[in-house]
Protein chains: 2
Amino acid sequence: MLPSTYDDQNCSVARALEIVGERWTILLVRDAMLGIRRFEDFQARLGVSRAVLSDRLGQLVEHGVMERVRYQRRPDRYEYTLTELGLELWPAIKALHEWGASLTGHTPPRQFRHRDCGGRPRAAVHCDKCGEELTVDDVVTFPTPGAPVSRIAVLEESVGHELARERPLLQPVRG
Amino acid sequence: MLPSTYDDQNCSVARALEIVGERWTILLVRDAMLGIRRFEDFQARLGVSRAVLSDRLGQLVEHGVMERVRYQRRPDRYEYTLTELGLELWPAIKALHEWGASLTGHTPPRQFRHRDCGGRPRAAVHCDKCGEELTVDDVVTFPTPGAPVSRIAVLEESVGHELARERPLLQPVRG
């Protein structure tokens, strides 16, 4: 059995996946970015049961990724829209889209363009200081000073020689 | 019951999630990017059973995301390294990391820096023509001409007015 939570994984990727790690959840966010707002439209696109969809949308609302907004009275009707936090998933969704689109044997069904100039949007990692595009090899990593020590950090001690060999740790510069 | 595959979802995000949509799978890719290579080290960090870990690593090898490489003979011992395809998940992993790191009540345990200049790596979507950073509102979308018509494309016809209202479709420019 897998552990059902990542509580002992004090990792920002794991924290993100606690909220949007379920596959259908990410596809719901994708659909919301495409302009889908209504329960019935989400359901028609994903083909999931009403119970599952209701649960997933409820979780997204609970975590502040979506908002449930009434758009009609008598009878009351609601739609789901992405919050600021939800919209901030855009680089992650676009990066997953590009990776999926690059797989052999797959024709991306949908194209994206910059509204203003017609260029192609592209997800990438850049340095906020020098602007260079960064691959994983251009990046070094070190523990946040003062962050809670997780089970993983302790385990990293035991394989630290390996990590250090593979990916030298940058020493924080002291001013 | 959820459908177990996304075969009728001809979508590049769904295609990506077929391979790396399982949460532990993404965390395996994360760990590989941190320099972890050996079965025992993956297992110690994730705390999953040998059977589950073996299955997930096998799937990643099968899909060309990781390679299983012998590093010792008598007895034979193997390690797992990311392929080019696996390394291309970096922007998606970093974007998920940043989103998780931004959540309230969470202290990112790990910092990243550009090896050369010490700046902070940041995942974002930029236009490949004008270079502008693009939010989801800056982007328009349209079906790939000639792409297989999916169940979703047919369904989009029925909610097309909604999509068109929310997110005007860019007409491809004809030269």
# chains A, B, ... in the order shown; residues from 1 in each chain; ligands from 1
$ residues_around --residues "B:Thr135" --least-positions-apart "4" --cutoff "10 Å" --atoms "only C-alpha atoms" --output "VMD selection string"
(chain A and resid 87 to 88 90 to 91 114 121) or (chain B and resid 124 to 126 139)
$ write_last_selection --atoms "C-alpha atoms" --output "CSV table (one decimal), in the first residue's frame"
chain,number,residue,atom,x,y,z
A,87,LEU,CA,-4.5,30.6,-12.8
A,88,GLU,CA,-0.9,30.3,-11.4
A,90,TRP,CA,-0.7,27.8,-16.1
A,91,PRO,CA,3.1,27.3,-16.5
A,114,HIS,CA,0.1,34.6,-28.4
A,121,PRO,CA,3.8,30.2,-26.2
B,124,ALA,CA,7.2,30.7,-17.0
B,125,VAL,CA,5.6,30.8,-20.4
B,126,HIS,CA,7.0,33.1,-22.9
B,139,VAL,CA,-3.1,33.1,-25.3
$ closest_atom_pairs --of "chain B" --to "chain A" --cutoff "6 Å" --atoms "only C-alpha atoms" --output "JSON lines"
{"residue": "B:Leu2", "atom": "CA", "partner": "A:Val48", "partner_atom": "CA", "distance": 5.9}
{"residue": "B:Ser12", "atom": "CA", "partner": "A:Gly100", "partner_atom": "CA", "distance": 4.6}
{"residue": "B:Val13", "atom": "CA", "partner": "A:His97", "partner_atom": "CA", "distance": 4.4}
{"residue": "B:Arg15", "atom": "CA", "partner": "A:Gly100", "partner_atom": "CA", "distance": 5.3}
{"residue": "B:Ala16", "atom": "CA", "partner": "A:Gly100", "partner_atom": "CA", "distance": 4.2}
{"residue": "B:Gly21", "atom": "CA", "partner": "A:Arg23", "partner_atom": "CA", "distance": 5.6}
{"residue": "B:Arg23", "atom": "CA", "partner": "A:Gly21", "partner_atom": "CA", "distance": 5.6}
{"residue": "B:Gly35", "atom": "CA", "partner": "A:Leu163", "partner_atom": "CA", "distance": 5.3}
{"residue": "B:Arg45", "atom": "CA", "partner": "A:Ile152", "partner_atom": "CA", "distance": 5.7}
{"residue": "B:Val48", "atom": "CA", "partner": "A:Leu2", "partner_atom": "CA", "distance": 5.9}
{"residue": "B:Pro91", "atom": "CA", "partner": "A:Ala124", "partner_atom": "CA", "distance": 5.3}
{"residue": "B:Ala92", "atom": "CA", "partner": "A:Ala95", "partner_atom": "CA", "distance": 4.8}
{"residue": "B:Ala95", "atom": "CA", "partner": "A:Ala92", "partner_atom": "CA", "distance": 4.8}
{"residue": "B:Leu96", "atom": "CA", "partner": "A:Val13", "partner_atom": "CA", "distance": 5.6}
{"residue": "B:His97", "atom": "CA", "partner": "A:Val13", "partner_atom": "CA", "distance": 4.4}
{"residue": "B:Gly100", "atom": "CA", "partner": "A:Ala16", "partner_atom": "CA", "distance": 4.2}
{"residue": "B:Ala101", "atom": "CA", "partner": "A:Ser12", "partner_atom": "CA", "distance": 5.0}
{"residue": "B:Pro108", "atom": "CA", "partner": "A:Ser12", "partner_atom": "CA", "distance": 5.6}
{"residue": "B:Pro109", "atom": "CA", "partner": "A:Thr144", "partner_atom": "CA", "distance": 5.1}
{"residue": "B:Arg110", "atom": "CA", "partner": "A:Pro143", "partner_atom": "CA", "distance": 4.4}
{"residue": "B:Gln111", "atom": "CA", "partner": "A:Phe142", "partner_atom": "CA", "distance": 5.5}
{"residue": "B:Phe112", "atom": "CA", "partner": "A:Thr141", "partner_atom": "CA", "distance": 4.5}
{"residue": "B:Arg113", "atom": "CA", "partner": "A:Val140", "partner_atom": "CA", "distance": 5.4}
{"residue": "B:His114", "atom": "CA", "partner": "A:Val139", "partner_atom": "CA", "distance": 4.7}
{"residue": "B:Arg115", "atom": "CA", "partner": "A:Val139", "partner_atom": "CA", "distance": 5.2}
{"residue": "B:Gly119", "atom": "CA", "partner": "A:Lys129", "partner_atom": "CA", "distance": 4.8}
{"residue": "B:Arg120", "atom": "CA", "partner": "A:Asp128", "partner_atom": "CA", "distance": 5.4}
{"residue": "B:Pro121", "atom": "CA", "partner": "A:Cys127", "partner_atom": "CA", "distance": 4.5}
{"residue": "B:Arg122", "atom": "CA", "partner": "A:Val125", "partner_atom": "CA", "distance": 5.2}
{"residue": "B:Ala123", "atom": "CA", "partner": "A:Val125", "partner_atom": "CA", "distance": 4.2}
{"residue": "B:Ala124", "atom": "CA", "partner": "A:Pro91", "partner_atom": "CA", "distance": 5.3}
{"residue": "B:Val125", "atom": "CA", "partner": "A:Ala123", "partner_atom": "CA", "distance": 4.2}
{"residue": "B:His126", "atom": "CA", "partner": "A:Arg122", "partner_atom": "CA", "distance": 5.4}
{"residue": "B:Cys127", "atom": "CA", "partner": "A:Pro121", "partner_atom": "CA", "distance": 4.5}
{"residue": "B:Asp128", "atom": "CA", "partner": "A:Arg120", "partner_atom": "CA", "distance": 5.4}
{"residue": "B:Lys129", "atom": "CA", "partner": "A:Gly119", "partner_atom": "CA", "distance": 4.8}
{"residue": "B:Asp138", "atom": "CA", "partner": "A:Arg115", "partner_atom": "CA", "distance": 5.6}
{"residue": "B:Val139", "atom": "CA", "partner": "A:His114", "partner_atom": "CA", "distance": 4.7}
{"residue": "B:Val140", "atom": "CA", "partner": "A:Arg113", "partner_atom": "CA", "distance": 5.4}
{"residue": "B:Thr141", "atom": "CA", "partner": "A:Phe112", "partner_atom": "CA", "distance": 4.5}
{"residue": "B:Phe142", "atom": "CA", "partner": "A:Gln111", "partner_atom": "CA", "distance": 5.4}
{"residue": "B:Pro143", "atom": "CA", "partner": "A:Arg110", "partner_atom": "CA", "distance": 4.4}
{"residue": "B:Thr144", "atom": "CA", "partner": "A:Arg110", "partner_atom": "CA", "distance": 4.9}
{"residue": "B:Ala147", "atom": "CA", "partner": "A:Pro109", "partner_atom": "CA", "distance": 5.5}
{"residue": "B:Ile152", "atom": "CA", "partner": "A:Arg45", "partner_atom": "CA", "distance": 5.8}
{"residue": "B:Leu163", "atom": "CA", "partner": "A:Gly35", "partner_atom": "CA", "distance": 5.4}
{"residue": "B:Glu166", "atom": "CA", "partner": "A:Gly35", "partner_atom": "CA", "distance": 5.5}
$ write_last_selection --atoms "N, CA and C atoms" --output "tab-separated table (two decimals), in the first residue's frame"
chain	number	residue	atom	x	y	z
B	2	LEU	N	-13.86	5.51	-12.73
B	2	LEU	CA	-13.21	6.35	-13.72
B	2	LEU	C	-12.74	5.48	-14.87
B	12	SER	N	-2.85	16.69	-25.34
B	12	SER	CA	-1.44	16.51	-25.01
B	12	SER	C	-1.20	16.48	-23.51
B	13	VAL	N	-2.03	17.19	-22.74
B	13	VAL	CA	-1.89	17.13	-21.28
B	13	VAL	C	-2.26	15.73	-20.80
B	15	ARG	N	-2.17	13.02	-22.49
B	15	ARG	CA	-1.13	12.09	-22.96
B	15	ARG	C	0.06	12.10	-22.00
B	16	ALA	N	0.46	13.29	-21.56
B	16	ALA	CA	1.56	13.39	-20.60
B	16	ALA	C	1.19	12.68	-19.30
B	21	GLY	N	1.32	10.79	-14.76
B	21	GLY	CA	0.20	11.34	-14.00
B	21	GLY	C	0.07	10.76	-12.61
B	23	ARG	N	1.11	10.16	-8.97
B	23	ARG	CA	1.88	11.10	-8.17
B	23	ARG	C	3.28	10.62	-7.83
B	35	GLY	N	19.57	13.73	-8.42
B	35	GLY	CA	20.78	12.93	-8.44
B	35	GLY	C	20.62	11.51	-7.90
B	45	ARG	N	13.71	7.24	0.09
B	45	ARG	CA	13.15	8.59	0.05
B	45	ARG	C	11.63	8.58	-0.05
B	48	VAL	N	7.93	3.74	-0.41
B	48	VAL	CA	6.95	2.85	-1.05
B	48	VAL	C	7.51	1.42	-1.04
B	91	PRO	N	10.91	21.66	-16.94
B	91	PRO	CA	10.04	22.84	-16.74
B	91	PRO	C	8.73	22.50	-16.02
B	92	ALA	N	8.17	21.33	-16.30
B	92	ALA	CA	6.91	20.93	-15.63
B	92	ALA	C	7.15	20.71	-14.13
B	95	ALA	N	7.82	24.08	-12.47
B	95	ALA	CA	6.59	24.86	-12.36
B	95	ALA	C	5.72	24.33	-11.22
B	96	LEU	N	5.62	23.01	-11.09
B	96	LEU	CA	4.86	22.43	-9.98
B	96	LEU	C	5.53	22.78	-8.65
B	97	HIS	N	6.86	22.76	-8.64
B	97	HIS	CA	7.59	23.11	-7.43
B	97	HIS	C	7.27	24.55	-6.99
B	100	GLY	N	3.70	24.79	-5.63
B	100	GLY	CA	3.64	24.22	-4.29
B	100	GLY	C	4.33	25.11	-3.27
B	101	ALA	N	5.45	25.72	-3.68
B	101	ALA	CA	6.21	26.57	-2.76
B	101	ALA	C	5.44	27.83	-2.41
B	108	PRO	N	9.19	25.97	1.64
B	108	PRO	CA	9.93	25.12	0.70
B	108	PRO	C	11.22	24.66	1.36
B	109	PRO	N	11.48	23.37	1.42
B	109	PRO	CA	12.65	22.88	2.14
B	109	PRO	C	13.94	23.05	1.35
B	110	ARG	N	13.79	23.42	0.11
B	110	ARG	CA	14.95	23.37	-0.78
B	110	ARG	C	14.98	24.64	-1.63
B	111	GLN	N	16.16	25.19	-1.81
B	111	GLN	CA	16.34	26.38	-2.64
B	111	GLN	C	17.09	25.98	-3.91
B	112	PHE	N	16.86	26.72	-4.97
B	112	PHE	CA	17.55	26.47	-6.23
B	112	PHE	C	18.22	27.75	-6.69
B	113	ARG	N	19.39	27.60	-7.30
B	113	ARG	CA	20.09	28.77	-7.83
B	113	ARG	C	20.73	28.39	-9.17
B	114	HIS	N	20.86	29.39	-10.04
B	114	HIS	CA	21.62	29.23	-11.27
B	114	HIS	C	23.08	29.05	-10.88
B	115	ARG	N	23.69	27.96	-11.34
B	115	ARG	CA	25.06	27.64	-10.94
B	115	ARG	C	26.03	28.77	-11.27
B	119	GLY	N	21.48	33.46	-9.57
B	119	GLY	CA	20.08	33.91	-9.68
B	119	GLY	C	19.11	32.77	-9.43
B	120	ARG	N	17.83	33.12	-9.31
B	120	ARG	CA	16.82	32.11	-9.01
B	120	ARG	C	16.16	31.61	-10.30
B	121	PRO	N	16.10	30.29	-10.47
B	121	PRO	CA	15.40	29.74	-11.64
B	121	PRO	C	13.90	29.96	-11.48
B	122	ARG	N	13.24	30.29	-12.56
B	122	ARG	CA	11.80	30.53	-12.49
B	122	ARG	C	11.13	29.98	-13.76
B	123	ALA	N	10.08	29.18	-13.55
B	123	ALA	CA	9.34	28.60	-14.68
B	123	ALA	C	8.27	29.59	-15.14
B	124	ALA	N	8.17	29.78	-16.44
B	124	ALA	CA	7.16	30.69	-16.98
B	124	ALA	C	6.92	30.36	-18.44
B	125	VAL	N	5.86	30.95	-18.98
B	125	VAL	CA	5.55	30.77	-20.40
B	125	VAL	C	5.89	32.07	-21.12
B	126	HIS	N	6.69	31.97	-22.15
B	126	HIS	CA	7.03	33.15	-22.94
B	126	HIS	C	6.65	32.94	-24.40
B	127	CYS	N	6.45	34.03	-25.11
B	127	CYS	CA	6.18	33.96	-26.55
B	127	CYS	C	7.50	33.76	-27.28
B	128	ASP	N	7.53	32.79	-28.21
B	128	ASP	CA	8.80	32.51	-28.90
B	128	ASP	C	9.07	33.52	-30.02
B	129	LYS	N	8.13	34.45	-30.22
B	129	LYS	CA	8.32	35.44	-31.28
B	129	LYS	C	8.70	36.81	-30.68
B	138	ASP	N	-3.39	35.81	-22.28
B	138	ASP	CA	-2.68	36.33	-23.45
B	138	ASP	C	-2.68	35.34	-24.61
B	139	VAL	N	-3.25	34.16	-24.36
B	139	VAL	CA	-3.10	33.07	-25.32
B	139	VAL	C	-4.44	32.68	-25.92
B	140	VAL	N	-4.45	32.43	-27.22
B	140	VAL	CA	-5.65	31.93	-27.89
B	140	VAL	C	-5.36	30.52	-28.39
B	141	THR	N	-6.42	29.79	-28.65
B	141	THR	CA	-6.25	28.38	-29.01
B	141	THR	C	-7.21	28.00	-30.11
B	142	PHE	N	-6.78	27.07	-30.96
B	142	PHE	CA	-7.64	26.58	-32.04
B	142	PHE	C	-7.24	25.15	-32.36
B	143	PRO	N	-8.15	24.37	-32.95
B	143	PRO	CA	-7.83	22.98	-33.26
B	143	PRO	C	-6.72	22.89	-34.30
B	144	THR	N	-5.84	21.90	-34.14
B	144	THR	CA	-4.81	21.63	-35.13
B	144	THR	C	-5.49	21.21	-36.44
B	147	ALA	N	-5.92	17.34	-37.45
B	147	ALA	CA	-5.73	16.41	-36.33
B	147	ALA	C	-6.95	15.50	-36.23
B	152	ILE	N	-13.80	14.80	-27.60
B	152	ILE	CA	-13.81	16.13	-27.00
B	152	ILE	C	-14.08	17.21	-28.02
B	163	LEU	N	-17.04	28.67	-25.23
B	163	LEU	CA	-15.61	28.82	-25.44
B	163	LEU	C	-15.30	30.08	-26.22
B	166	GLU	N	-15.59	33.09	-24.05
B	166	GLU	CA	-14.56	33.22	-23.03
B	166	GLU	C	-13.18	33.46	-23.63
$ atom_distance --atom1 "atom CA of B:Met66" --atom2 "atom CA of B:Asp31"
12.1 Å
